[in-house]
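Listing of final.txt; format and content: compact mmCIF, C-alpha atoms.
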# COMPACT_ATOMS: atom_id res chain seq x y z
CA MET A 1278 37.51 -23.65 -8.10
CA GLN A 1279 38.41 -27.13 -9.34
CA LEU A 1280 35.27 -28.91 -8.23
CA SER A 1281 33.90 -32.25 -9.32
CA PRO A 1282 30.20 -32.47 -10.18
CA LEU A 1283 29.56 -34.26 -6.87
CA GLU A 1284 31.29 -31.58 -4.80
CA PHE A 1285 29.44 -28.92 -6.77
CA THR A 1286 26.04 -30.53 -6.10
CA LEU A 1287 26.71 -30.94 -2.39
CA MET A 1288 28.09 -27.41 -1.90
CA LEU A 1289 25.31 -25.86 -3.94
CA SER A 1290 22.51 -27.65 -2.09
CA GLY A 1291 24.12 -26.74 1.22
CA ILE A 1292 24.24 -23.07 0.28
CA ALA A 1293 20.67 -23.28 -1.01
CA VAL A 1294 19.52 -24.67 2.35
CA ALA A 1295 21.13 -21.66 4.04
CA ALA A 1296 19.57 -19.28 1.51
CA GLY A 1297 16.11 -20.78 1.97
CA PHE A 1298 16.54 -20.65 5.75
CA CYS A 1299 17.57 -16.97 5.78
CA GLY A 1300 14.86 -16.21 3.26
CA SER A 1301 12.06 -17.53 5.45
CA LEU A 1302 13.65 -15.96 8.51
CA PHE A 1303 13.74 -12.46 7.02
CA GLY A 1304 10.73 -12.76 4.76
CA ILE A 1305 12.58 -12.54 1.46
CA GLY A 1306 12.88 -15.20 -1.22
CA GLY A 1307 15.99 -17.32 -1.52
CA GLY A 1308 16.49 -16.24 -5.14
CA ILE A 1309 18.05 -12.94 -4.26
CA VAL A 1310 20.94 -14.75 -2.55
CA ILE A 1311 21.19 -17.66 -5.00
CA VAL A 1312 22.00 -15.62 -8.12
CA PRO A 1313 25.04 -13.86 -6.58
CA VAL A 1314 26.28 -17.17 -5.11
CA LEU A 1315 26.07 -18.94 -8.47
CA THR A 1316 27.66 -16.14 -10.48
CA LEU A 1317 30.24 -14.65 -8.12
CA LEU A 1318 31.26 -17.81 -6.26
CA PHE A 1319 30.81 -20.61 -8.80
CA GLY A 1320 31.33 -18.55 -11.96
CA ILE A 1321 28.08 -19.78 -13.52
CA ASP A 1322 26.64 -17.86 -16.47
CA ILE A 1323 24.12 -15.34 -15.11
CA ARG A 1324 21.32 -16.60 -17.37
CA TYR A 1325 21.65 -20.15 -15.95
CA ALA A 1326 21.81 -18.62 -12.46
CA ILE A 1327 18.58 -16.71 -13.04
CA GLY A 1328 16.98 -19.82 -14.55
CA ALA A 1329 17.83 -21.83 -11.42
CA SER A 1330 16.67 -19.05 -9.13
CA VAL A 1331 13.31 -18.63 -10.82
CA VAL A 1332 12.47 -22.30 -10.18
CA SER A 1333 13.51 -22.06 -6.53
CA VAL A 1334 11.21 -19.05 -6.17
CA ILE A 1335 8.28 -21.25 -7.26
CA ALA A 1336 9.29 -23.87 -4.72
CA THR A 1337 9.33 -21.50 -1.75
CA SER A 1338 6.17 -19.70 -2.81
CA SER A 1339 4.20 -22.92 -3.25
CA GLY A 1340 5.37 -24.11 0.16
CA ALA A 1341 4.68 -20.82 1.94
CA GLY A 1342 1.55 -20.10 -0.09
CA ALA A 1343 0.05 -23.40 0.98
CA ALA A 1344 0.34 -22.44 4.63
CA TYR A 1345 -0.96 -18.90 4.12
CA VAL A 1346 -4.03 -20.00 2.17
CA ARG A 1347 -4.83 -22.52 4.89
CA GLU A 1348 -4.66 -19.77 7.45
CA ARG A 1349 -6.68 -17.46 5.23
CA MET A 1350 -4.17 -14.64 5.32
CA ALA A 1351 -3.87 -14.31 1.57
CA ASN A 1352 -6.62 -12.50 -0.33
CA LEU A 1353 -7.28 -14.87 -3.23
CA ARG A 1354 -9.29 -12.36 -5.24
CA VAL A 1355 -6.67 -9.65 -4.99
CA ALA A 1356 -4.03 -12.26 -5.87
CA MET A 1357 -5.89 -13.46 -8.95
CA PHE A 1358 -6.60 -9.96 -10.21
CA LEU A 1359 -3.08 -8.62 -9.64
CA GLU A 1360 -1.58 -11.72 -11.24
CA LEU A 1361 -2.82 -10.28 -14.54
CA GLY A 1362 -0.23 -7.55 -13.97
CA THR A 1363 2.59 -9.66 -12.53
CA THR A 1364 2.43 -12.44 -15.15
CA SER A 1365 2.40 -10.10 -18.13
CA GLY A 1366 5.24 -8.18 -16.48
CA ALA A 1367 7.16 -11.40 -15.86
CA ILE A 1368 6.88 -12.42 -19.50
CA THR A 1369 8.10 -8.97 -20.55
CA GLY A 1370 11.01 -9.19 -18.12
CA ALA A 1371 12.00 -12.75 -19.06
CA TYR A 1372 11.96 -11.75 -22.71
CA LEU A 1373 14.13 -8.68 -21.98
CA ALA A 1374 16.61 -10.90 -20.09
CA GLY A 1375 17.17 -12.81 -23.32
CA ILE A 1376 18.18 -9.74 -25.31
CA LEU A 1377 20.01 -7.64 -22.70
CA HIS A 1378 23.80 -7.99 -22.44
CA SER A 1379 24.65 -9.99 -19.34
CA ARG A 1380 26.71 -7.14 -17.85
CA TRP A 1381 23.47 -5.13 -17.57
CA LEU A 1382 21.81 -8.04 -15.81
CA PHE A 1383 24.57 -7.83 -13.17
CA VAL A 1384 24.12 -4.08 -12.76
CA ILE A 1385 20.31 -4.18 -12.56
CA PHE A 1386 20.43 -7.16 -10.21
CA GLY A 1387 22.86 -5.33 -7.92
CA ALA A 1388 20.70 -2.22 -7.90
CA MET A 1389 17.49 -4.15 -7.14
CA LEU A 1390 19.23 -6.22 -4.46
CA GLY A 1391 20.44 -3.03 -2.78
CA LEU A 1392 16.97 -1.52 -2.97
CA SER A 1393 15.30 -4.63 -1.50
CA ALA A 1394 17.83 -4.63 1.32
CA LEU A 1395 16.95 -1.04 2.17
CA VAL A 1396 13.22 -1.83 2.01
CA MET A 1397 13.88 -4.48 4.67
CA LEU A 1398 15.04 -1.76 7.05
CA THR A 1399 12.02 0.48 6.72
CA ARG A 1400 9.37 -1.03 8.88
CA LEU A 1401 5.87 -0.60 7.51
CA LYS A 1402 3.54 0.31 10.32
CA PRO A 1403 0.38 -1.68 10.66
CA GLY A 1404 -2.59 0.58 11.20
CA THR A 1405 -5.74 1.88 9.67
CA ARG A 1406 -5.47 4.70 7.20
CA PRO A 1407 -8.42 6.47 5.65
CA VAL A 1408 -9.09 4.75 2.34
CA PRO A 1409 -10.46 6.67 -0.65
CA PRO A 1410 -13.37 4.80 -2.24
CA ASP A 1411 -12.58 2.96 -5.47
CA VAL A 1412 -15.26 1.73 -7.86
CA TRP A 1413 -12.90 -0.89 -9.30
CA ALA A 1414 -12.29 -2.47 -5.92
CA ASP A 1415 -16.04 -2.42 -5.23
CA GLY A 1416 -16.91 -3.90 -8.62
CA LEU A 1417 -14.28 -6.63 -8.30
CA ARG A 1418 -15.20 -7.21 -4.65
CA LEU A 1419 -11.57 -7.05 -3.59
CA HIS A 1420 -12.20 -5.99 0.01
CA GLY A 1421 -11.22 -8.64 2.49
CA ARG A 1422 -10.54 -9.70 6.02
CA TYR A 1423 -7.92 -11.76 7.75
CA PHE A 1424 -7.40 -13.20 11.19
CA ASP A 1425 -4.75 -11.26 13.08
CA ALA A 1426 -3.15 -13.54 15.65
CA ALA A 1427 -1.51 -10.64 17.52
CA LEU A 1428 -4.84 -8.81 17.94
CA ASP A 1429 -6.72 -12.12 18.28
CA ARG A 1430 -9.59 -10.94 16.06
CA GLU A 1431 -10.70 -10.66 12.45
CA VAL A 1432 -9.54 -7.49 10.72
CA ASP A 1433 -11.65 -6.07 7.89
CA TYR A 1434 -10.00 -3.91 5.28
CA ARG A 1435 -11.03 -2.05 2.15
CA VAL A 1436 -8.94 -2.03 -1.01
CA THR A 1437 -8.30 1.12 -3.02
CA ARG A 1438 -6.37 2.47 -6.06
CA THR A 1439 -6.86 -0.79 -7.90
CA ARG A 1440 -5.57 0.42 -11.26
CA THR A 1441 -2.42 1.99 -9.78
CA GLY A 1442 -1.84 -1.29 -7.96
CA LEU A 1443 -2.21 -3.30 -11.14
CA PHE A 1444 0.32 -1.08 -12.92
CA LEU A 1445 2.81 -1.33 -10.04
CA MET A 1446 2.42 -5.12 -10.17
CA TYR A 1447 3.26 -5.07 -13.87
CA LEU A 1448 6.52 -3.26 -12.98
CA ALA A 1449 7.24 -5.71 -10.14
CA GLY A 1450 6.60 -8.54 -12.60
CA ILE A 1451 9.17 -7.14 -15.03
CA ILE A 1452 11.81 -7.08 -12.29
CA SER A 1453 10.95 -10.57 -11.23
CA GLY A 1454 11.05 -11.96 -14.79
CA LEU A 1455 14.23 -10.11 -15.65
CA LEU A 1456 16.18 -11.21 -12.57
CA GLY A 1457 14.48 -14.45 -11.51
CA ILE A 1458 13.56 -13.14 -8.07
CA GLY A 1459 10.21 -13.02 -6.31
CA SER A 1460 10.37 -9.22 -5.87
CA GLY A 1461 8.28 -9.44 -2.69
CA PRO A 1462 10.08 -6.37 -1.27
CA PHE A 1463 8.44 -4.35 -4.08
CA LYS A 1464 5.03 -6.00 -4.15
CA VAL A 1465 4.31 -5.75 -0.44
CA PRO A 1466 4.85 -1.96 -0.13
CA ALA A 1467 2.81 -1.44 -3.31
CA MET A 1468 -0.12 -3.36 -1.87
CA ASP A 1469 0.24 -1.86 1.59
CA LEU A 1470 0.90 1.79 0.72
CA ALA A 1471 -0.97 2.20 -2.56
CA MET A 1472 -3.86 -0.22 -2.20
CA GLY A 1473 -4.39 -0.04 1.54
CA ILE A 1474 -4.08 -3.77 2.20
CA PRO A 1475 -2.74 -4.39 5.74
CA ILE A 1476 0.86 -5.52 5.83
CA LYS A 1477 0.16 -9.07 7.02
CA ALA A 1478 -2.44 -9.70 4.33
CA SER A 1479 -0.13 -8.02 1.79
CA SER A 1480 2.82 -10.30 2.57
CA ALA A 1481 0.67 -13.42 2.48
CA THR A 1482 -0.96 -12.40 -0.81
CA SER A 1483 2.40 -11.44 -2.32
CA ASN A 1484 3.90 -14.79 -1.31
CA PHE A 1485 0.99 -16.56 -2.91
CA MET A 1486 1.30 -14.57 -6.17
CA ILE A 1487 5.04 -15.05 -6.49
CA GLY A 1488 4.68 -18.69 -7.58
CA VAL A 1489 2.42 -17.88 -10.52
CA THR A 1490 4.60 -14.93 -11.51
CA ALA A 1491 7.72 -17.09 -11.44
CA ALA A 1492 5.93 -19.82 -13.41
CA ALA A 1493 5.30 -17.29 -16.17
CA SER A 1494 8.97 -16.34 -16.37
CA SER A 1495 10.19 -19.93 -16.05
CA GLY A 1496 8.12 -20.80 -19.11
CA VAL A 1497 10.24 -18.39 -21.12
CA TYR A 1498 13.49 -19.48 -19.45
CA PHE A 1499 12.75 -23.19 -19.91
CA GLY A 1500 11.86 -22.83 -23.58
CA ARG A 1501 15.01 -20.80 -24.18
CA GLY A 1502 17.15 -23.50 -22.56
CA ASP A 1503 18.28 -21.45 -19.56
CA ILE A 1504 17.10 -23.92 -16.90
CA ASP A 1505 20.01 -26.35 -16.52
CA PRO A 1506 18.74 -29.25 -14.37
CA PHE A 1507 22.21 -29.88 -12.93
CA ILE A 1508 22.17 -26.36 -11.45
CA ALA A 1509 18.44 -25.80 -10.89
CA ALA A 1510 17.62 -29.12 -9.18
CA PRO A 1511 20.12 -28.88 -6.28
CA VAL A 1512 19.12 -25.24 -5.75
CA ALA A 1513 15.40 -26.05 -5.65
CA ILE A 1514 15.88 -29.01 -3.32
CA GLY A 1515 18.08 -27.00 -0.96
CA VAL A 1516 15.84 -23.95 -0.88
CA VAL A 1517 12.71 -25.96 -0.09
CA ILE A 1518 14.43 -27.80 2.74
CA GLY A 1519 15.91 -24.56 4.10
CA ALA A 1520 12.63 -22.68 3.91
CA THR A 1521 10.74 -25.52 5.58
CA LEU A 1522 13.31 -25.69 8.37
CA GLY A 1523 13.24 -21.92 8.77
CA SER A 1524 9.50 -21.67 9.10
CA ARG A 1525 9.22 -24.75 11.36
CA VAL A 1526 12.07 -23.91 13.68
CA LEU A 1527 11.91 -20.21 14.19
CA GLY A 1528 9.21 -18.32 12.35
CA ARG A 1529 10.01 -14.84 11.17
CA THR A 1530 12.45 -12.92 13.33
CA ASP A 1531 12.05 -9.37 14.58
CA ASN A 1532 15.57 -9.26 15.95
CA ARG A 1533 16.80 -5.82 14.93
CA LEU A 1534 20.53 -6.58 15.10
CA LEU A 1535 20.21 -9.77 13.04
CA ARG A 1536 18.20 -7.89 10.46
CA VAL A 1537 20.72 -5.04 10.19
CA LEU A 1538 23.60 -7.53 9.81
CA PHE A 1539 21.72 -9.32 7.04
CA VAL A 1540 21.01 -6.02 5.27
CA ILE A 1541 24.72 -5.14 5.41
CA LEU A 1542 25.55 -8.53 3.90
CA LEU A 1543 23.02 -7.97 1.10
CA LEU A 1544 24.36 -4.46 0.40
CA THR A 1545 27.89 -5.88 0.12
CA ILE A 1546 26.72 -8.50 -2.35
CA ALA A 1547 24.79 -5.82 -4.26
CA ALA A 1548 27.95 -3.70 -4.60
CA GLN A 1549 29.89 -6.74 -5.85
CA MET A 1550 27.25 -7.52 -8.46
CA ILE A 1551 27.30 -3.94 -9.75
CA TYR A 1552 31.11 -3.94 -9.79
CA ARG A 1553 31.13 -7.21 -11.72
CA GLY A 1554 28.80 -5.72 -14.33
CA LEU A 1555 30.69 -2.47 -14.79
CA ARG A 1556 34.20 -3.94 -14.68
CA MET B 697 -14.07 -23.66 13.87
CA SER B 698 -15.51 -20.29 14.83
CA ARG B 699 -13.56 -18.47 12.14
CA GLU B 700 -15.22 -20.38 9.35
CA LYS B 701 -18.70 -19.53 10.51
CA LYS B 702 -18.15 -15.90 9.71
CA SER B 703 -16.74 -16.44 6.28
CA GLY B 704 -19.75 -15.96 4.04
CA PRO B 705 -23.48 -15.90 3.65
CA GLY B 706 -25.66 -18.99 3.31
CA MET B 707 -24.39 -22.23 1.92
CA ARG B 708 -21.56 -20.66 -0.03
CA LYS B 709 -19.54 -20.42 3.14
CA SER B 710 -18.27 -23.98 3.03
CA LEU B 711 -17.25 -23.98 -0.62
CA PRO B 712 -14.43 -21.40 -0.54
CA GLY B 713 -13.09 -22.99 2.64
CA ARG B 714 -12.98 -26.44 1.07
CA PHE B 715 -11.52 -24.97 -2.03
CA GLU B 716 -8.72 -23.18 -0.25
CA ARG B 717 -7.79 -26.43 1.45
CA LEU B 718 -7.79 -28.20 -1.91
CA ILE B 719 -5.50 -25.55 -3.41
CA SER B 720 -3.19 -25.65 -0.43
CA GLY B 721 -2.97 -29.45 -0.62
CA LEU B 722 -2.31 -29.25 -4.35
CA LEU B 723 0.59 -26.85 -3.84
CA ARG B 724 2.21 -29.06 -1.22
CA THR B 725 1.81 -32.30 -3.14
CA GLY B 726 3.27 -30.66 -6.26
CA VAL B 727 6.33 -29.39 -4.42
CA TRP B 728 7.12 -32.68 -2.68
CA THR B 729 6.56 -34.80 -5.81
CA SER B 730 8.90 -32.62 -7.82
CA LEU B 731 11.46 -32.72 -5.01
CA GLY B 732 11.42 -36.51 -5.13
CA LEU B 733 11.86 -36.55 -8.90
CA MET B 734 14.77 -34.10 -8.75
CA LEU B 735 16.55 -36.06 -6.02
CA GLY B 736 16.00 -39.30 -7.92
CA GLY B 737 17.19 -37.75 -11.17
CA LEU B 738 20.40 -36.44 -9.61
CA ALA B 739 21.03 -39.81 -7.98
CA VAL B 740 20.63 -41.62 -11.33
CA MET B 741 23.06 -39.15 -12.92
CA PHE B 742 25.75 -39.96 -10.37
CA VAL B 743 25.14 -43.70 -10.57
CA HIS B 744 25.47 -43.67 -14.36
CA HIS B 745 28.55 -41.48 -14.51
CA ALA B 746 31.37 -42.57 -12.24
CA ASP B 747 33.53 -39.70 -13.53
CA TYR B 748 31.10 -37.19 -11.94
CA LEU B 749 32.72 -38.03 -8.64
CA ASP B 750 36.13 -36.57 -9.41
CA SER B 751 36.38 -34.84 -12.78
CA ASN B 752 36.30 -31.05 -13.00
CA ARG B 753 36.05 -31.24 -16.78
CA GLU B 754 32.70 -32.98 -16.43
CA LEU B 755 31.44 -30.15 -14.23
CA GLN B 756 32.38 -27.62 -16.90
CA ARG B 757 30.51 -29.70 -19.47
CA LEU B 758 27.42 -29.80 -17.26
CA THR B 759 27.28 -26.15 -16.22
CA ALA B 760 29.02 -24.01 -18.86
CA PRO B 761 26.96 -22.07 -21.43
CA GLY B 762 25.85 -24.39 -24.19
CA ALA B 763 25.61 -27.42 -21.86
CA ALA B 764 23.43 -30.16 -23.31
CA PHE B 765 20.20 -30.75 -21.41
CA PRO B 766 16.60 -31.28 -22.49
CA HIS B 767 14.53 -28.12 -22.79
CA ASP B 768 11.44 -29.24 -24.60
CA LEU B 769 8.84 -31.84 -23.75
CA SER B 770 9.78 -34.37 -26.44
CA ALA B 771 13.45 -34.32 -25.39
CA VAL B 772 12.41 -34.86 -21.76
CA ALA B 773 10.18 -37.79 -22.76
CA ALA B 774 12.93 -39.35 -24.89
CA GLY B 775 15.43 -38.93 -22.05
CA ILE B 776 13.14 -40.58 -19.52
CA ARG B 777 12.56 -43.56 -21.83
CA ALA B 778 16.34 -43.88 -22.07
CA GLY B 779 16.54 -43.75 -18.26
CA ARG B 780 18.64 -40.58 -18.19
CA GLY B 781 18.88 -38.89 -14.78
CA GLN B 782 19.05 -35.46 -16.35
CA ALA B 783 15.63 -35.95 -17.94
CA ILE B 784 14.13 -37.21 -14.67
CA ALA B 785 15.45 -34.14 -12.83
CA THR B 786 14.06 -31.93 -15.60
CA LEU B 787 10.66 -33.62 -15.20
CA GLY B 788 10.86 -32.69 -11.52
CA LEU B 789 11.55 -29.07 -12.48
CA LEU B 790 8.59 -29.14 -14.88
CA PHE B 791 6.38 -30.48 -12.08
CA LEU B 792 7.50 -27.58 -9.94
CA ILE B 793 6.74 -25.05 -12.70
CA GLY B 794 3.46 -26.83 -13.38
CA THR B 795 2.23 -26.64 -9.77
CA PRO B 796 1.20 -22.96 -9.78
CA ILE B 797 -0.17 -23.35 -13.31
CA LEU B 798 -2.37 -26.22 -12.17
CA ARG B 799 -3.42 -24.11 -9.19
CA VAL B 800 -4.62 -21.40 -11.59
CA ALA B 801 -6.49 -23.94 -13.73
CA VAL B 802 -8.24 -25.43 -10.69
CA SER B 803 -9.17 -21.93 -9.50
CA ILE B 804 -11.09 -21.33 -12.75
CA ILE B 805 -13.30 -24.30 -11.92
CA GLY B 806 -13.67 -23.05 -8.37
CA PHE B 807 -14.87 -19.63 -9.49
CA LEU B 808 -17.25 -21.23 -11.99
CA LEU B 809 -18.74 -23.39 -9.24
CA GLN B 810 -19.29 -20.26 -7.19
CA ARG B 811 -20.93 -18.68 -10.27
CA ASP B 812 -18.32 -15.94 -10.11
CA TYR B 813 -17.94 -15.45 -13.85
CA VAL B 814 -15.88 -12.25 -13.68
CA TYR B 815 -13.17 -14.01 -11.69
CA ALA B 816 -13.39 -17.14 -13.79
CA LEU B 817 -12.56 -14.86 -16.74
CA VAL B 818 -9.73 -13.07 -14.89
CA THR B 819 -8.23 -16.43 -13.92
CA ALA B 820 -8.61 -17.81 -17.45
CA ALA B 821 -6.71 -14.76 -18.73
CA VAL B 822 -3.87 -15.49 -16.28
CA LEU B 823 -3.80 -19.11 -17.47
CA ALA B 824 -3.63 -17.92 -21.08
CA LEU B 825 -0.65 -15.70 -20.18
CA LEU B 826 1.11 -18.68 -18.56
CA VAL B 827 0.63 -20.83 -21.66
CA THR B 828 1.85 -17.93 -23.83
CA SER B 829 5.07 -17.77 -21.81
CA PHE B 830 6.02 -21.30 -22.82
CA LEU B 831 5.34 -20.60 -26.48
CA LEU B 832 7.28 -17.34 -26.29
CA GLY B 833 10.38 -19.00 -24.81
CA LYS B 834 10.30 -21.48 -27.62
CA ALA B 835 10.15 -18.74 -30.24
CA GLY B 836 12.84 -16.51 -28.63
Starting from the coordinates I provided, produce the structure as structure tokens.
Amino acid sequence: MQLSPLEFTLMLSGIAVAAGFCGSLFGIGGGIVIVPVLTLLFGIDIRYAIGASVVSVIATSSGAGAAYVRERMANLRVAMFLELGTTSGAITGAYLAGILHSRWLFVIFGAMLGLSALVMLTRLKPGTRPVPPDVWADGLRLHGRYFDAALDREVDYRVTRTRTGLFLMYLAGIISGLLGIGSGPFKVPAMDLAMGIPIKASSATSNFMIGVTAAASSGVYFGRGDIDPFIAAPVAIGVVIGATLGSRVLGRTDNRLLRVLFVILLLTIAAQMIYRGLR
Amino acid sequence: MSREKKSGPGMRKSLPGRFERLISGLLRTGVWTSLGLMLGGLAVMFVHHADYLDSNRELQRLTAPGAAFPHDLSAVAAGIRAGRGQAIATLGLLFLIGTPILRVAVSIIGFLLQRDYVYALVTAAVLALLVTSFLLGKAG
């Protein structure tokens, strides 16, 4: 495309608004849409695309995290403890992104995008499962409670398999540092299925953690010179506006058809990313 | 609020509540300040460079690998003194990156005030990792 810088800025922020809007609607970060848009559509180098995405992830997480903490959905202790795993993972991932050939970044991004899309289809069932006791969770006093608006009461829960959880968060951190995405679709199932944290508290806690995780990887990206302000600033502005609009106007949707259509769109993009890498 | 009454024993109950509000306010202020800086920075860029309105070559120069933009603190400071829009936008990005880092730093104090030394240590370790990331990017 023969764009001028002005046209580029306007188009990019417009797309970022849409990405932030869809992100808050479907409970995924905008980053996972932004990287394919920048690389496939605008022909931007994938490292600059990831650098821009990582900053937009901070923006949405700080915005969403603020609301969740106010409503006491997020478990701050769990978040703090697991951030040990996600931040060290993010640094590992961001470092790897600097030495991997960019074609592999395309392939891994495509694969992870496809996987996140499929995770969106499997609905995690809220419910109480028997929880094996865990001395780590007791010692760290990770057990928590949140206010469930649907049930209209406080829900108490006990946390388990703390060390497994920490390791899974390290892996999620690597993905998020390598690809500049929030990797919520991996964190939430890990907290819900492995650690026994109810899905609503898991999503809120994950959203809260994503900002710190992304800050760790953006440190590496910024120092390396992969955060180009002319690309990153319009993306961040657009995503924040889109996410704010999305959460104000609609809240998260449970519309099955809309969700399936969005998953199909993501799978198509995933295939294109993989094809671009292998070509 | 009835929810807050149940949140903890004795006088500690009000502290975490106040603290969570402080953190939440911090996150929002950080995001909106950085947004303002980024918008302002972009605006200054377009005001200073009339050719940004119609030249595709300029876009290539701004976005292709090897594009010149500040990526350390002294370059950002120098750019801002020179009134460069790019540096102002970069400051906005740094504010955005700094928001969660500041949140972590404030949490350390919060845990110390609650005499929760284990978590103060956990949080300090996270902060150390965040600082390491900046040094690592510089080295790589």
query = How many Å separate CA of Ile719 (chain B) from CA of Phe1424 (chain A)?
reply = 19.2 Å
task = Please determine the contact residues of chain A with respect to chain B at a cut-off of 8 Å, counting only C-alpha atoms, and supply them as a PyMOL selection string.
result = chain A and resi 1279-1285+1321-1322+1325+1332+1335-1336+1339-1340+1342-1344+1346-1347+1354+1357-1358+1360-1361+1364-1365+1368+1372+1375+1417+1488-1489+1492-1502+1504-1511+1513-1514
key: Point-to-point distance from CA of Thr1490 (chain A) to CA of Leu1538 (chain A), Å rounded to tenths   = 29.5 Å
Near-Lys1477 (chain A) list (9 Å; all atoms listed in the file; drop same-chain fewer than 3 positions) as a VMD selection string = chain A and resid 1350 to 1351 1403 1423 1425 1474 1480 to 1482
key: Between CA of Phe1485 (chain A) and CA of Leu1353 (chain A), distance in Å (one decimal)   = 8.4 Å
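Using only C-alpha atoms for every distance, the candidate list A:Leu1419, A:Leu1455, A:Ala1326, A:Met1468 yields A:Ala1326 as the residue closest to Ile1311 (chain A).
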message = With distances taken over only C-alpha atoms, which residue among A:Val1436, A:Ala1367, A:Ala1467, A:Ile1451 lies nearest Val1408 (chain A)?
response = A:Val1436
request  = Pick out the closest residue to Leu1470 (chain A) from this set: A:Leu1390, A:Arg1438, A:Phe1303, A:Ile1541. Count only C-alpha atoms.
outcome  = A:Arg1438
key: Nearby residues (only C-alpha atoms) at most 8 Å from Pro1313 (chain A), same-chain spacing under 5 positions excluded, as number ranges by chain   = A: 1318, 1546, 1550
Give me a file of those residues, with C-alpha atoms, as an mmCIF file, in the frame of the given file.
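What landed in result39.cif:
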data_model
loop_
_atom_site.group_PDB
_atom_site.id
_atom_site.type_symbol
_atom_site.label_atom_id
_atom_site.label_comp_id
_atom_site.auth_asym_id
_atom_site.auth_seq_id
_atom_site.Cartn_x
_atom_site.Cartn_y
_atom_site.Cartn_z
ATOM 1 C CA LEU A 1318 31.260 -17.810 -6.260
ATOM 2 C CA ILE A 1546 26.720 -8.500 -2.350
ATOM 3 C CA MET A 1550 27.250 -7.520 -8.460
#
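Minimum atom-to-atom distance to Arg1422 (chain A), evaluated using all atoms listed in the file, belongs to A:Ser1479 out of A:Thr1286, A:Ser1479, A:Thr1441, A:Thr1337.
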inquiry  = Can you pull out the residues contacting region 1385-1388 of chain A? Cut-off 9 Å, using all atoms listed in the file, and skip same-chain residues under 5 positions away; I want them as a ChimeraX atom specification.
reply    = /A:1309,1312-1313,1380,1393,1452,1455-1456,1544,1546-1552,1554
query = Any idea what's packed within 9 Å of Arg1418 (chain A), counting all atoms listed in the file, ignoring anything in its chain fewer than 3 positions away? Could you give it as an MDAnalysis selection string?
reply = chainID A and resid 1354:1355 1413:1415 1421 1436
Write a file for region 1461-1488 of chain A of the given structure; include C-alpha atoms and format it as a PDB file, in the first residue's frame.
ATOM      1  CA  GLY A1461      -4.793 -14.964  28.953  1.00  0.00           C
ATOM      2  CA  PRO A1462      -6.250 -17.989  27.111  1.00  0.00           C
ATOM      3  CA  PHE A1463      -3.413 -20.047  28.637  1.00  0.00           C
ATOM      4  CA  LYS A1464      -3.265 -18.487  32.084  1.00  0.00           C
ATOM      5  CA  VAL A1465      -6.959 -18.754  32.874  1.00  0.00           C
ATOM      6  CA  PRO A1466      -7.285 -22.531  32.247  1.00  0.00           C
ATOM      7  CA  ALA A1467      -4.060 -23.102  34.203  1.00  0.00           C
ATOM      8  CA  MET A1468      -5.439 -21.255  37.214  1.00  0.00           C
ATOM      9  CA  ASP A1469      -8.904 -22.744  36.893  1.00  0.00           C
ATOM     10  CA  LEU A1470      -8.053 -26.382  36.116  1.00  0.00           C
ATOM     11  CA  ALA A1471      -4.729 -26.837  37.903  1.00  0.00           C
ATOM     12  CA  MET A1472      -5.030 -24.491  40.858  1.00  0.00           C
ATOM     13  CA  GLY A1473      -8.761 -24.682  41.470  1.00  0.00           C
ATOM     14  CA  ILE A1474      -9.424 -20.952  41.270  1.00  0.00           C
ATOM     15  CA  PRO A1475     -12.986 -20.291  40.019  1.00  0.00           C
ATOM     16  CA  ILE A1476     -13.152 -19.076  36.449  1.00  0.00           C
ATOM     17  CA  LYS A1477     -14.329 -15.545  37.275  1.00  0.00           C
ATOM     18  CA  ALA A1478     -11.582 -14.977  39.827  1.00  0.00           C
ATOM     19  CA  SER A1479      -9.094 -16.599  37.419  1.00  0.00           C
ATOM     20  CA  SER A1480      -9.934 -14.245  34.546  1.00  0.00           C
ATOM     21  CA  ALA A1481      -9.793 -11.179  36.773  1.00  0.00           C
ATOM     22  CA  THR A1482      -6.478 -12.240  38.304  1.00  0.00           C
ATOM     23  CA  SER A1483      -5.041 -13.116  34.890  1.00  0.00           C
ATOM     24  CA  ASN A1484      -6.073  -9.731  33.503  1.00  0.00           C
ATOM     25  CA  PHE A1485      -4.413  -8.035  36.421  1.00  0.00           C
ATOM     26  CA  MET A1486      -1.161 -10.010  35.996  1.00  0.00           C
ATOM     27  CA  ILE A1487      -0.917  -9.442  32.254  1.00  0.00           C
ATOM     28  CA  GLY A1488       0.180  -5.813  32.692  1.00  0.00           C
TER      29      GLY A1488
END
